[in-house]
$ cat protein.pdb   # PDB, C-alpha atoms and all ligand atoms
ATOM      1  CA  GLY X   1     -15.470  -9.678 -17.850
ATOM      2  CA  LEU X   2     -14.855  -8.712 -14.244
ATOM      3  CA  PRO X   3     -12.441  -5.733 -14.013
ATOM      4  CA  VAL X   4      -8.975  -6.748 -12.805
ATOM      5  CA  ILE X   5      -7.864  -5.222  -9.518
ATOM      6  CA  TYR X   6      -4.179  -4.231  -9.792
ATOM      7  CA  LEU X   7      -2.559  -4.136  -6.376
ATOM      8  CA  ILE X   8       0.665  -2.199  -5.889
ATOM      9  CA  THR X   9       2.653  -3.279  -2.823
ATOM     10  CA  PRO X  10       6.010  -1.766  -1.836
ATOM     11  CA  THR X  11       7.939  -4.071   0.491
ATOM     12  CA  TYR X  12      11.338  -4.193   2.165
ATOM     13  CA  THR X  13      13.549  -6.741   3.854
ATOM     14  CA  ARG X  14      13.077  -7.058   7.593
ATOM     15  CA  MET X  15      12.457  -9.808  10.127
ATOM     16  CA  GLU X  16       8.660  -9.616   9.765
ATOM     17  CA  GLN X  17       8.519  -9.429   5.950
ATOM     18  CA  LYS X  18       7.623 -13.035   5.132
ATOM     19  CA  ALA X  19       5.016 -13.113   7.879
ATOM     20  CA  GLU X  20       3.402  -9.929   6.529
ATOM     21  CA  LEU X  21       3.468 -11.180   2.932
ATOM     22  CA  THR X  22       2.044 -14.547   3.985
ATOM     23  CA  ARG X  23      -0.880 -12.948   5.801
ATOM     24  CA  LEU X  24      -1.570 -10.513   2.969
ATOM     25  CA  SER X  25      -1.340 -13.189   0.263
ATOM     26  CA  GLN X  26      -3.745 -15.405   2.157
ATOM     27  CA  THR X  27      -6.237 -12.533   2.141
ATOM     28  CA  LEU X  28      -5.683 -11.998  -1.586
ATOM     29  CA  MET X  29      -6.236 -15.712  -2.292
ATOM     30  CA  HIS X  30      -9.914 -15.053  -1.666
ATOM     31  CA  VAL X  31     -10.169 -12.247  -4.238
ATOM     32  CA  LYS X  32     -10.968 -12.986  -7.904
ATOM     33  CA  ASN X  33      -9.252 -11.311 -10.858
ATOM     34  CA  ILE X  34      -6.282  -9.651  -9.256
ATOM     35  CA  HIS X  35      -2.785  -8.860 -10.466
ATOM     36  CA  TRP X  36      -0.303  -8.254  -7.653
ATOM     37  CA  ILE X  37       2.576  -5.888  -8.393
ATOM     38  CA  VAL X  38       5.172  -6.252  -5.656
ATOM     39  CA  ILE X  39       8.083  -3.841  -5.658
ATOM     40  CA  GLU X  40      11.022  -4.483  -3.375
ATOM     41  CA  ASP X  41      12.814  -1.494  -1.882
ATOM     42  CA  ALA X  42      16.229  -2.914  -2.805
ATOM     43  CA  ASP X  43      18.966  -2.781  -5.445
ATOM     44  CA  ALA X  44      18.175  -6.364  -6.438
ATOM     45  CA  LYS X  45      15.258  -8.734  -6.106
ATOM     46  CA  THR X  46      15.634 -11.104  -3.166
ATOM     47  CA  ASN X  47      15.233 -14.858  -3.422
ATOM     48  CA  LEU X  48      12.878 -14.778  -0.463
ATOM     49  CA  VAL X  49      10.340 -12.577  -2.257
ATOM     50  CA  ALA X  50      10.885 -14.281  -5.656
ATOM     51  CA  ARG X  51      10.207 -17.724  -4.178
ATOM     52  CA  PHE X  52       7.367 -16.405  -2.105
ATOM     53  CA  LEU X  53       5.519 -14.884  -5.061
ATOM     54  CA  LYS X  54       6.035 -17.958  -7.221
ATOM     55  CA  GLN X  55       4.434 -20.287  -4.697
ATOM     56  CA  THR X  56       1.300 -18.115  -4.406
ATOM     57  CA  GLY X  57       0.204 -19.108  -7.931
ATOM     58  CA  PHE X  58      -1.102 -15.527  -8.427
ATOM     59  CA  ASN X  59      -0.846 -13.336 -11.482
ATOM     60  CA  TYR X  60       1.992 -11.150 -10.279
ATOM     61  CA  THR X  61       4.821  -8.867 -11.289
ATOM     62  CA  HIS X  62       8.002  -8.668  -9.223
ATOM     63  CA  LEU X  63       9.965  -5.415  -9.484
ATOM     64  CA  ASN X  64      12.634  -3.658  -7.451
ATOM     65  CA  VAL X  65      13.926  -0.142  -6.950
ATOM     66  CA  ALA X  66      15.940   1.127  -3.996
ATOM     67  CA  THR X  67      14.997   4.238  -2.034
ATOM     68  CA  PRO X  68      18.033   6.575  -2.142
ATOM     69  CA  ALA X  69      19.907   6.564   1.203
ATOM     70  CA  HIS X  70      19.065  10.208   1.812
ATOM     71  CA  PHE X  71      15.332   9.450   1.841
ATOM     72  CA  LYS X  72      15.545   6.183   3.755
ATOM     73  CA  LEU X  73      14.227   5.958   7.318
ATOM     74  CA  ALA X  74      16.821   4.972   9.920
ATOM     75  CA  SER X  75      15.626   2.185  12.219
ATOM     76  CA  ASN X  76      15.114   4.594  15.129
ATOM     77  CA  ASP X  77      13.385   7.344  13.152
ATOM     78  CA  PRO X  78       9.657   7.832  13.694
ATOM     79  CA  SER X  79       7.820   6.418  10.655
ATOM     80  CA  TRP X  80       6.264   9.759   9.672
ATOM     81  CA  LEU X  81       9.673  11.449   9.258
ATOM     82  CA  LYS X  82      10.147  10.394   5.643
ATOM     83  CA  PRO X  83       7.795   9.107   2.965
ATOM     84  CA  ARG X  84       7.836   5.335   2.428
ATOM     85  CA  GLY X  85       7.366   3.414  -0.797
ATOM     86  CA  VAL X  86       7.531   6.449  -3.124
ATOM     87  CA  LEU X  87       9.826   5.134  -5.868
ATOM     88  CA  GLN X  88       8.337   1.669  -5.481
ATOM     89  CA  ARG X  89       4.773   2.878  -6.113
ATOM     90  CA  ASN X  90       6.028   4.928  -9.079
ATOM     91  CA  ALA X  91       7.681   1.795 -10.500
ATOM     92  CA  GLY X  92       4.361  -0.008 -10.142
ATOM     93  CA  LEU X  93       2.582   2.841 -11.978
ATOM     94  CA  ALA X  94       5.196   2.782 -14.767
ATOM     95  CA  TRP X  95       4.704  -0.964 -15.169
ATOM     96  CA  LEU X  96       0.927  -0.515 -15.382
ATOM     97  CA  ARG X  97       1.267   2.201 -18.025
ATOM     98  CA  SER X  98       3.504   0.040 -20.223
ATOM     99  CA  ASN X  99       1.890  -3.332 -19.654
ATOM    100  CA  THR X 100      -1.857  -2.763 -19.520
ATOM    101  CA  LYS X 101      -4.105  -1.378 -22.197
ATOM    102  CA  LYS X 102      -7.404   0.318 -21.733
ATOM    103  CA  GLN X 103      -9.100  -2.831 -20.489
ATOM    104  CA  PRO X 104     -11.390  -2.498 -17.449
ATOM    105  CA  GLY X 105      -9.256  -2.314 -14.333
ATOM    106  CA  VAL X 106      -8.815  -0.714 -10.933
ATOM    107  CA  LEU X 107      -5.676   0.249  -9.035
ATOM    108  CA  PHE X 108      -5.337  -0.023  -5.265
ATOM    109  CA  PHE X 109      -2.225   0.574  -3.135
ATOM    110  CA  VAL X 110      -1.823  -2.273  -0.668
ATOM    111  CA  ASP X 111       0.777  -1.874   2.074
ATOM    112  CA  ASP X 112       2.143  -5.193   3.279
ATOM    113  CA  ASP X 113       1.177  -4.628   6.938
ATOM    114  CA  ASN X 114      -2.422  -3.384   6.711
ATOM    115  CA  THR X 115      -5.535  -5.491   7.334
ATOM    116  CA  TYR X 116      -8.104  -5.846   4.543
ATOM    117  CA  SER X 117     -11.688  -7.065   4.642
ATOM    118  CA  LEU X 118     -12.562  -9.133   1.575
ATOM    119  CA  ARG X 119     -15.628  -6.942   1.160
ATOM    120  CA  LEU X 120     -13.413  -3.949   0.364
ATOM    121  CA  PHE X 121     -12.224  -5.479  -2.914
ATOM    122  CA  GLU X 122     -15.762  -5.921  -4.202
ATOM    123  CA  GLU X 123     -16.643  -2.374  -3.112
ATOM    124  CA  MET X 124     -13.839  -0.966  -5.303
ATOM    125  CA  ARG X 125     -14.090  -3.296  -8.307
ATOM    126  CA  PHE X 126     -16.469  -1.139 -10.405
ATOM    127  CA  THR X 127     -14.822   2.206  -9.593
ATOM    128  CA  LYS X 128     -15.646   4.738 -12.328
ATOM    129  CA  LYS X 129     -12.985   7.296 -11.375
ATOM    130  CA  VAL X 130     -11.969   7.218  -7.708
ATOM    131  CA  SER X 131     -13.629   5.256  -4.914
ATOM    132  CA  VAL X 132     -13.126   6.306  -1.303
ATOM    133  CA  TRP X 133     -13.951   4.815   2.109
ATOM    134  CA  PRO X 134     -12.955   5.051   5.788
ATOM    135  CA  VAL X 135      -9.620   3.694   7.070
ATOM    136  CA  GLY X 136      -9.495   2.333  10.616
ATOM    137  CA  ILE X 137      -6.834   3.068  13.277
ATOM    138  CA  VAL X 138      -4.979   5.824  11.456
ATOM    139  CA  GLY X 139      -3.906   9.397  12.085
ATOM    140  CA  TYR X 140      -4.130   8.850  15.852
ATOM    141  CA  LEU X 141      -7.896   8.471  15.464
ATOM    142  CA  ARG X 142     -10.276   5.487  15.569
ATOM    143  CA  TYR X 143     -10.687   6.083  11.849
ATOM    144  CA  GLU X 144     -10.340   8.750   9.201
ATOM    145  CA  THR X 145     -13.078   9.125   6.613
ATOM    146  CA  PRO X 146     -14.483  11.262   3.858
ATOM    147  CA  ILE X 147     -17.620  13.032   5.103
ATOM    148  CA  VAL X 148     -20.606  12.182   2.908
ATOM    149  CA  THR X 149     -23.695  14.361   2.522
ATOM    150  CA  ASP X 150     -26.535  13.309   0.217
ATOM    151  CA  GLY X 151     -24.327  10.705  -1.433
ATOM    152  CA  LYS X 152     -21.457  13.092  -2.192
ATOM    153  CA  VAL X 153     -18.110  13.686  -0.457
ATOM    154  CA  THR X 154     -18.291  17.148   1.083
ATOM    155  CA  GLY X 155     -15.356  17.127   3.495
ATOM    156  CA  TRP X 156     -13.018  15.088   5.623
ATOM    157  CA  PHE X 157     -12.870  13.666   9.125
ATOM    158  CA  THR X 158      -9.088  13.924   9.528
ATOM    159  CA  TYR X 159      -7.056  15.637  12.276
ATOM    160  CA  PHE X 160      -3.707  15.995  10.494
ATOM    161  CA  LYS X 161      -3.609  18.820   7.907
ATOM    162  CA  PRO X 162      -7.319  18.541   6.983
ATOM    163  CA  THR X 163      -6.882  21.265   4.370
ATOM    164  CA  ARG X 164      -4.825  18.972   2.154
ATOM    165  CA  PRO X 165      -6.641  18.430  -1.184
ATOM    166  CA  PHE X 166      -7.191  14.738  -0.322
ATOM    167  CA  PRO X 167      -6.418  14.273   3.388
ATOM    168  CA  MET X 168      -6.636  10.482   3.438
ATOM    169  CA  ASP X 169      -4.360   7.469   3.723
ATOM    170  CA  MET X 170      -3.074   5.438   0.775
ATOM    171  CA  ALA X 171      -5.452   2.645   1.865
ATOM    172  CA  GLY X 172      -8.480   4.929   1.556
ATOM    173  CA  PHE X 173      -9.007   5.001  -2.205
ATOM    174  CA  ALA X 174      -8.882   3.087  -5.491
ATOM    175  CA  VAL X 175      -8.575   4.495  -8.992
ATOM    176  CA  ASN X 176      -9.893   3.400 -12.384
ATOM    177  CA  LEU X 177      -7.046   2.163 -14.609
ATOM    178  CA  ALA X 178      -8.152   4.461 -17.460
ATOM    179  CA  LEU X 179      -7.261   7.484 -15.329
ATOM    180  CA  ILE X 180      -3.699   6.164 -14.911
ATOM    181  CA  HIS X 181      -3.366   5.983 -18.697
ATOM    182  CA  SER X 182      -4.951   9.382 -19.366
ATOM    183  CA  HIS X 183      -2.653  11.127 -16.831
ATOM    184  CA  PRO X 184       0.815   9.703 -17.542
ATOM    185  CA  GLY X 185       2.530  12.254 -15.278
ATOM    186  CA  ALA X 186       0.633  11.405 -12.090
ATOM    187  CA  GLY X 187       2.691   9.786  -9.349
ATOM    188  CA  PHE X 188       4.508  10.185  -6.059
ATOM    189  CA  SER X 189       7.522  12.272  -5.064
ATOM    190  CA  ASN X 190      10.093  12.311  -2.286
ATOM    191  CA  GLU X 191      10.135  16.106  -2.540
ATOM    192  CA  VAL X 192       6.588  16.943  -1.421
ATOM    193  CA  GLU X 193       5.530  18.178   2.023
ATOM    194  CA  ARG X 194       4.844  15.515   4.667
ATOM    195  CA  GLY X 195       1.405  13.958   4.268
ATOM    196  CA  TYR X 196       0.960  15.104   0.673
ATOM    197  CA  GLN X 197       1.671  11.841  -1.226
ATOM    198  CA  GLU X 198      -1.979  10.918  -1.708
ATOM    199  CA  SER X 199      -2.919  14.521  -2.547
ATOM    200  CA  THR X 200      -0.085  14.839  -5.068
ATOM    201  CA  PHE X 201      -1.107  11.652  -6.830
ATOM    202  CA  LEU X 202      -4.846  12.377  -6.960
ATOM    203  CA  THR X 203      -4.338  16.017  -7.973
ATOM    204  CA  GLY X 204      -2.024  14.747 -10.741
ATOM    205  CA  LEU X 205      -4.883  12.566 -11.952
ATOM    206  CA  GLY X 206      -7.066  15.656 -12.269
ATOM    207  CA  VAL X 207      -9.442  14.382  -9.592
ATOM    208  CA  THR X 208     -11.908  16.747  -7.926
ATOM    209  CA  LEU X 209     -14.058  16.243  -4.832
ATOM    210  CA  ASP X 210     -17.046  15.787  -7.120
ATOM    211  CA  ASP X 211     -15.409  12.745  -8.774
ATOM    212  CA  LEU X 212     -15.178  10.764  -5.526
ATOM    213  CA  GLU X 213     -17.447   7.735  -5.188
ATOM    214  CA  PRO X 214     -18.175   6.986  -1.524
ATOM    215  CA  LYS X 215     -18.135   3.224  -0.851
ATOM    216  CA  ALA X 216     -18.540   1.064   2.255
ATOM    217  CA  ASN X 217     -22.153   2.025   2.801
ATOM    218  CA  MET X 218     -21.619   5.755   2.192
ATOM    219  CA  CYS X 219     -18.390   5.687   4.211
ATOM    220  CA  SER X 220     -20.105   4.363   7.322
ATOM    221  CA  GLU X 221     -18.171   1.067   7.593
ATOM    222  CA  VAL X 222     -14.491   0.366   8.223
ATOM    223  CA  LEU X 223     -13.230  -2.348   5.826
ATOM    224  CA  VAL X 224      -9.482  -1.648   6.012
ATOM    225  CA  TRP X 225      -7.258  -0.996   9.004
ATOM    226  CA  HIS X 226      -3.886   0.741   9.027
ATOM    227  CA  THR X 227      -2.418  -1.868  11.357
ATOM    228  CA  ARG X 228       1.296  -1.727  12.120
ATOM    229  CA  THR X 229       3.531  -4.530  13.246
ATOM    230  CA  GLU X 230       5.774  -4.330  16.281
ATOM    231  CA  LYS X 231       9.464  -4.490  15.421
ATOM    232  CA  SER X 232      10.835  -7.848  16.582
ATOM    233  CA  SER X 233      13.809  -8.077  18.919
ATOM    234  CA  LEU X 234      16.417 -10.773  18.289
ATOM    235  CA  ARG X 235      18.241 -10.119  21.521
ATOM    236  CA  ASN X 236      18.549 -13.790  22.488
ATOM    237  CA  GLU X 237      20.228 -14.865  19.242
ATOM    238  CA  GLU X 238      23.654 -13.830  20.466
ATOM    239  CA  LYS X 239      22.984 -14.870  24.066
ATOM    240  CA  MET X 240      21.964 -18.327  22.774
ATOM    241  CA  TRP X 241      25.458 -18.765  21.390
ATOM    242  CA  LYS X 242      27.192 -17.388  24.481
ATOM    243  CA  LYS X 243      25.183 -19.358  26.994
ATOM    244  CA  TYR X 244      24.449 -22.667  25.218
ATOM    245  CA  GLY X 245      26.833 -22.718  22.234
ATOM    246  CA  LEU X 246      23.852 -22.969  19.881
ATOM    247  CA  GLN X 247      23.014 -20.915  16.791
ATOM    248  CA  SER X 248      19.852 -20.685  14.718
ATOM    249  CA  ASP X 249      20.162 -22.376  11.310
ATOM    250  CA  PRO X 250      20.697 -19.707   8.595
ATOM    251  CA  ASN X 251      19.185 -22.156   6.065
ATOM    252  CA  ILE X 252      15.821 -21.907   7.787
ATOM    253  CA  GLU X 253      13.986 -19.033   6.134
ATOM    254  CA  VAL X 254      11.869 -16.991   8.548
TER     255      VAL X 254
HETATM  256  N1  LIG N 301       8.260   0.270   2.798
HETATM  257  C1  LIG N 301       9.307   0.230   1.886
HETATM  258  N2  LIG N 301      10.539   0.702   2.279
HETATM  259  C2  LIG N 301      10.770   1.215   3.520
HETATM  260  C3  LIG N 301       9.685   1.263   4.441
HETATM  261  C4  LIG N 301       8.451   0.803   4.030
HETATM  262  O1  LIG N 301       9.133  -0.254   0.763
HETATM  263  O2  LIG N 301      11.915   1.631   3.812
HETATM  264  C5  LIG N 301       6.938  -0.269   2.398
HETATM  265  C6  LIG N 301       6.284  -1.156   3.463
HETATM  266  O3  LIG N 301       6.650  -2.514   3.284
HETATM  267  C7  LIG N 301       4.798  -0.886   3.247
HETATM  268  C8  LIG N 301       4.765   0.552   2.724
HETATM  269  O4  LIG N 301       6.068   0.837   2.217
HETATM  270  O5  LIG N 301       4.239  -1.766   2.281
HETATM  271  C9  LIG N 301       4.411   1.551   3.818
HETATM  272  O6  LIG N 301       5.385   1.456   4.848
HETATM  273  P1  LIG N 301       4.993   1.307   6.400
HETATM  274  O7  LIG N 301       3.942   0.272   6.527
HETATM  275  O8  LIG N 301       6.258   1.120   7.174
HETATM  276  O9  LIG N 301       4.416   2.764   6.649
HETATM  277  P2  LIG N 301       3.355   3.283   7.703
HETATM  278  O10 LIG N 301       2.515   2.137   8.165
HETATM  279  O11 LIG N 301       4.156   3.864   8.801
HETATM  280  O12 LIG N 301       2.591   4.293   6.944
HETATM  281 MN    MN N 302       2.131   0.307   7.483
END
$ encode --input "protein.pdb" --output "structure tokens" --more "lines below"
Ligand code: UDP
Ligand code: MN
Amino acid sequence: GLPVIYLITPTYTRMEQKAELTRLSQTLMHVKNIHWIVIEDADAKTNLVARFLKQTGFNYTHLNVATPAHFKLASNDPSWLKPRGVLQRNAGLAWLRSNTKKQPGVLFFVDDDNTYSLRLFEEMRFTKKVSVWPVGIVGYLRYETPIVTDGKVTGWFTYFKPTRPFPMDMAGFAVNLALIHSHPGAGFSNEVERGYQESTFLTGLGVTLDDLEPKANMCSEVLVWHTRTEKSSLRNEEKMWKKYGLQSDPNIEV
């Protein structure tokens, strides 16, 4: 049948989390044959995410693993300072290796705040080894993309460290499930140089430039955007109490 698309999503508790997950899930509702692996960056699974996933009706797996304090971004740190989602994505990979067999499947890393065209999922579904495509609004550019010549990837349109083996964002590729099984050591690490997560993973899978399958009309169309959500201020919560003697209801989940 149709290959299953396995989606690995790291997520963490913050004011915008349920909004992000709602938007993403309502995109995924339009995609056939998916299995959503959601890994909370936390010592325990939260009720919010557990309830949320249950009501989607999806095939899903809910996992959790906490990022060690030393590697965790402080709220005022710039986002590029430390890698995000490393142990969570590895937990997703470990689950895939123990819970899937060599059935047809594809793996795609889906951050909870990006924006996905439905067309992207059908572009990646029949990935033989590794599919690649442009990512919009990333790397302080309009887009980053593999450069395609005569149907093959020959280089990269990326400003930041373009000499990395695979200088692209996590949203820029999908991998055949068989490759995950044949390379059990491939994964992510908190110890690698900044910007090298994708390169570390794909190098670990034994991927070469020649293996890359350019999608999205030979990498000429943007079907995913690295959107980021503004951090919400709650500065009137306390003032509400001081000025009007009113408090928001903690039983209302936001
Ligand atoms: N994330 C996480 N723990 C964190 C920060 C981020 O699990 O401490 C998740 C986040 O929910 C997202 C992914 O990791 O799915 C990438 O994080 P983010 O979108 O903040 O990174 P950026 O957009 O800056 O690359
Ligand atoms: Mn993001």
$ resolve_selection --input "protein.pdb" --expression "the PyMOL selection byres (((chain X and resi 93-98) around 9) and not hetatm)" --output "PyMOL selection string"
chain X and resi 6+8+37+61+63+88-92+99-101+177+180-181+184+186-187
$ residues_around --input "protein.pdb" --residues "Ile147 in chain X" --least-positions-apart "5" --cutoff "8 Å" --atoms "only C-alpha atoms" --output "list in words"
Val153, Thr154, Gly155, Trp156, Phe157 and Cys219 of chain X
$ residues_near_ligand --input "protein.pdb" --ligand "ligand MN 302 (chain N)" --cutoff "7 Å" --atoms "all atoms listed in the file" --output "ChimeraX atom specification"
/X:111-114,226-228
$ closest_atom_pairs --input "protein.pdb" --of "range 3-26 of chain X" --to "range 102-105 of chain X" --cutoff "7 Å" --atoms "all atoms listed in the file" --output "CSV"
residue,atom,partner,partner_atom,distance
X:Pro3,CA,X:Gly105,CA,4.7
X:Val4,CA,X:Gly105,CA,4.7
X:Ile5,CA,X:Gly105,CA,5.8
$ residues_near_ligand --input "protein.pdb" --ligand "ligand LIG 301 (chain N)" --cutoff "9 Å" --atoms "only C-alpha atoms and all ligand atoms" --output "ChimeraX atom specification"
/X:8-14,17,20,39-42,66-67,71-74,78-80,83-89,109-114,138,169-170,226-229
$ atom_distance --input "protein.pdb" --atom1 "CA of Leu2 in chain X" --atom2 "CA of Gly204 in chain X"
27.0 Å
$ atom_distance --input "protein.pdb" --atom1 "CA of Leu21 in chain X" --atom2 "CA of Lys82 in chain X"
22.7 Å
$ atom_distance --input "protein.pdb" --atom1 "CA of Val38 in chain X" --atom2 "CA of Ala50 in chain X"
9.9 Å
$ resolve_selection --input "protein.pdb" --expression "the PyMOL selection byres (((chain X and resi 207) around 12) and not hetatm)" --output "PyMOL selection string"
chain X and resi 128-131+165-166+173+175-176+179-180+182-183+186+198-206+208-213
$ write_last_selection --input "protein.pdb" --atoms "C-alpha atoms" --output "PDB file, in the frame of the given file"
ATOM      1  CA  LYS X 128     -15.646   4.738 -12.328  1.00  0.00           C
ATOM      2  CA  LYS X 129     -12.985   7.296 -11.375  1.00  0.00           C
ATOM      3  CA  VAL X 130     -11.969   7.218  -7.708  1.00  0.00           C
ATOM      4  CA  SER X 131     -13.629   5.256  -4.914  1.00  0.00           C
ATOM      5  CA  PRO X 165      -6.641  18.430  -1.184  1.00  0.00           C
ATOM      6  CA  PHE X 166      -7.191  14.738  -0.322  1.00  0.00           C
ATOM      7  CA  PHE X 173      -9.007   5.001  -2.205  1.00  0.00           C
ATOM      8  CA  VAL X 175      -8.575   4.495  -8.992  1.00  0.00           C
ATOM      9  CA  ASN X 176      -9.893   3.400 -12.384  1.00  0.00           C
ATOM     10  CA  LEU X 179      -7.261   7.484 -15.329  1.00  0.00           C
ATOM     11  CA  ILE X 180      -3.699   6.164 -14.911  1.00  0.00           C
ATOM     12  CA  SER X 182      -4.951   9.382 -19.366  1.00  0.00           C
ATOM     13  CA  HIS X 183      -2.653  11.127 -16.831  1.00  0.00           C
ATOM     14  CA  ALA X 186       0.633  11.405 -12.090  1.00  0.00           C
ATOM     15  CA  GLU X 198      -1.979  10.918  -1.708  1.00  0.00           C
ATOM     16  CA  SER X 199      -2.919  14.521  -2.547  1.00  0.00           C
ATOM     17  CA  THR X 200      -0.085  14.839  -5.068  1.00  0.00           C
ATOM     18  CA  PHE X 201      -1.107  11.652  -6.830  1.00  0.00           C
ATOM     19  CA  LEU X 202      -4.846  12.377  -6.960  1.00  0.00           C
ATOM     20  CA  THR X 203      -4.338  16.017  -7.973  1.00  0.00           C
ATOM     21  CA  GLY X 204      -2.024  14.747 -10.741  1.00  0.00           C
ATOM     22  CA  LEU X 205      -4.883  12.566 -11.952  1.00  0.00           C
ATOM     23  CA  GLY X 206      -7.066  15.656 -12.269  1.00  0.00           C
ATOM     24  CA  THR X 208     -11.908  16.747  -7.926  1.00  0.00           C
ATOM     25  CA  LEU X 209     -14.058  16.243  -4.832  1.00  0.00           C
ATOM     26  CA  ASP X 210     -17.046  15.787  -7.120  1.00  0.00           C
ATOM     27  CA  ASP X 211     -15.409  12.745  -8.774  1.00  0.00           C
ATOM     28  CA  LEU X 212     -15.178  10.764  -5.526  1.00  0.00           C
ATOM     29  CA  GLU X 213     -17.447   7.735  -5.188  1.00  0.00           C
TER      30      GLU X 213
END
$ residues_near_point --input "protein.pdb" --point "(-19.1, -0.2, 8.2)" --cutoff "12 Å" --atoms "only C-alpha atoms" --output "VMD selection string"
chain X and resid 117 119 to 120 123 133 to 136 143 145 215 to 225
$ axis_aligned_box --input "protein.pdb" --around "range 195-203 of chain X" --padding-each-side "8 Å" --output "lines of an AutoDock Vina configuration file"
center_x = -1.6
center_y = 13.5
center_z = -1.9
size_x = 22.5
size_y = 21.1
size_z = 28.2
$ residues_around --input "protein.pdb" --residues "Met15 in chain X" --least-positions-apart "6" --cutoff "9 Å" --atoms "all atoms listed in the file" --output "ChimeraX atom specification"
/X:231-232,254
$ closest_residue --input "protein.pdb" --among "X:Ser75, X:Gly172, X:Leu118, X:Arg23" --to "Thr56 in chain X" --atoms "all atoms listed in the file"
X:Arg23
$ decode --input "protein.pdb" --residues "range 10-28 of chain X" --atoms "N, CA and C atoms" --output "PDB file, in the first residue's frame"
ATOM      1  N   PRO X  10       9.622  17.101  18.021  1.00  0.00           N
ATOM      2  CA  PRO X  10       9.960  17.465  19.397  1.00  0.00           C
ATOM      3  C   PRO X  10       9.065  18.642  19.801  1.00  0.00           C
ATOM      4  N   THR X  11       8.671  18.689  21.059  1.00  0.00           N
ATOM      5  CA  THR X  11       7.829  19.813  21.493  1.00  0.00           C
ATOM      6  C   THR X  11       8.085  20.097  22.964  1.00  0.00           C
ATOM      7  N   TYR X  12       7.822  21.319  23.383  1.00  0.00           N
ATOM      8  CA  TYR X  12       8.081  21.670  24.789  1.00  0.00           C
ATOM      9  C   TYR X  12       6.999  22.623  25.288  1.00  0.00           C
ATOM     10  N   THR X  13       6.818  22.601  26.592  1.00  0.00           N
ATOM     11  CA  THR X  13       5.773  23.389  27.228  1.00  0.00           C
ATOM     12  C   THR X  13       6.094  24.877  27.148  1.00  0.00           C
ATOM     13  N   ARG X  14       5.166  25.622  26.636  1.00  0.00           N
ATOM     14  CA  ARG X  14       5.239  27.082  26.613  1.00  0.00           C
ATOM     15  C   ARG X  14       3.853  27.586  26.277  1.00  0.00           C
ATOM     16  N   MET X  15       3.662  28.903  26.415  1.00  0.00           N
ATOM     17  CA  MET X  15       2.326  29.478  26.235  1.00  0.00           C
ATOM     18  C   MET X  15       1.723  29.130  24.869  1.00  0.00           C
ATOM     19  N   GLU X  16       2.548  29.073  23.838  1.00  0.00           N
ATOM     20  CA  GLU X  16       2.037  28.911  22.470  1.00  0.00           C
ATOM     21  C   GLU X  16       1.899  27.451  22.045  1.00  0.00           C
ATOM     22  N   GLN X  17       2.252  26.509  22.942  1.00  0.00           N
ATOM     23  CA  GLN X  17       2.365  25.103  22.499  1.00  0.00           C
ATOM     24  C   GLN X  17       1.070  24.537  21.910  1.00  0.00           C
ATOM     25  N   LYS X  18      -0.044  24.722  22.608  1.00  0.00           N
ATOM     26  CA  LYS X  18      -1.289  24.108  22.132  1.00  0.00           C
ATOM     27  C   LYS X  18      -1.731  24.749  20.819  1.00  0.00           C
ATOM     28  N   ALA X  19      -1.491  26.026  20.683  1.00  0.00           N
ATOM     29  CA  ALA X  19      -1.823  26.700  19.422  1.00  0.00           C
ATOM     30  C   ALA X  19      -1.000  26.125  18.275  1.00  0.00           C
ATOM     31  N   GLU X  20       0.305  25.939  18.517  1.00  0.00           N
ATOM     32  CA  GLU X  20       1.177  25.375  17.471  1.00  0.00           C
ATOM     33  C   GLU X  20       0.735  23.965  17.109  1.00  0.00           C
ATOM     34  N   LEU X  21       0.474  23.143  18.136  1.00  0.00           N
ATOM     35  CA  LEU X  21       0.100  21.746  17.885  1.00  0.00           C
ATOM     36  C   LEU X  21      -1.252  21.661  17.183  1.00  0.00           C
ATOM     37  N   THR X  22      -2.149  22.568  17.521  1.00  0.00           N
ATOM     38  CA  THR X  22      -3.465  22.597  16.869  1.00  0.00           C
ATOM     39  C   THR X  22      -3.311  22.902  15.387  1.00  0.00           C
ATOM     40  N   ARG X  23      -2.539  23.929  15.076  1.00  0.00           N
ATOM     41  CA  ARG X  23      -2.340  24.302  13.670  1.00  0.00           C
ATOM     42  C   ARG X  23      -1.667  23.175  12.895  1.00  0.00           C
ATOM     43  N   LEU X  24      -0.616  22.597  13.500  1.00  0.00           N
ATOM     44  CA  LEU X  24       0.102  21.523  12.809  1.00  0.00           C
ATOM     45  C   LEU X  24      -0.810  20.316  12.603  1.00  0.00           C
ATOM     46  N   SER X  25      -1.551  19.941  13.644  1.00  0.00           N
ATOM     47  CA  SER X  25      -2.404  18.742  13.529  1.00  0.00           C
ATOM     48  C   SER X  25      -3.475  18.953  12.474  1.00  0.00           C
ATOM     49  N   GLN X  26      -3.942  20.176  12.336  1.00  0.00           N
ATOM     50  CA  GLN X  26      -4.993  20.418  11.346  1.00  0.00           C
ATOM     51  C   GLN X  26      -4.436  20.430   9.927  1.00  0.00           C
ATOM     52  N   THR X  27      -3.125  20.636   9.788  1.00  0.00           N
ATOM     53  CA  THR X  27      -2.473  20.363   8.499  1.00  0.00           C
ATOM     54  C   THR X  27      -2.402  18.859   8.285  1.00  0.00           C
ATOM     55  N   LEU X  28      -1.941  18.143   9.309  1.00  0.00           N
ATOM     56  CA  LEU X  28      -1.713  16.695   9.166  1.00  0.00           C
ATOM     57  C   LEU X  28      -3.003  15.917   8.935  1.00  0.00           C
TER      58      LEU X  28
END
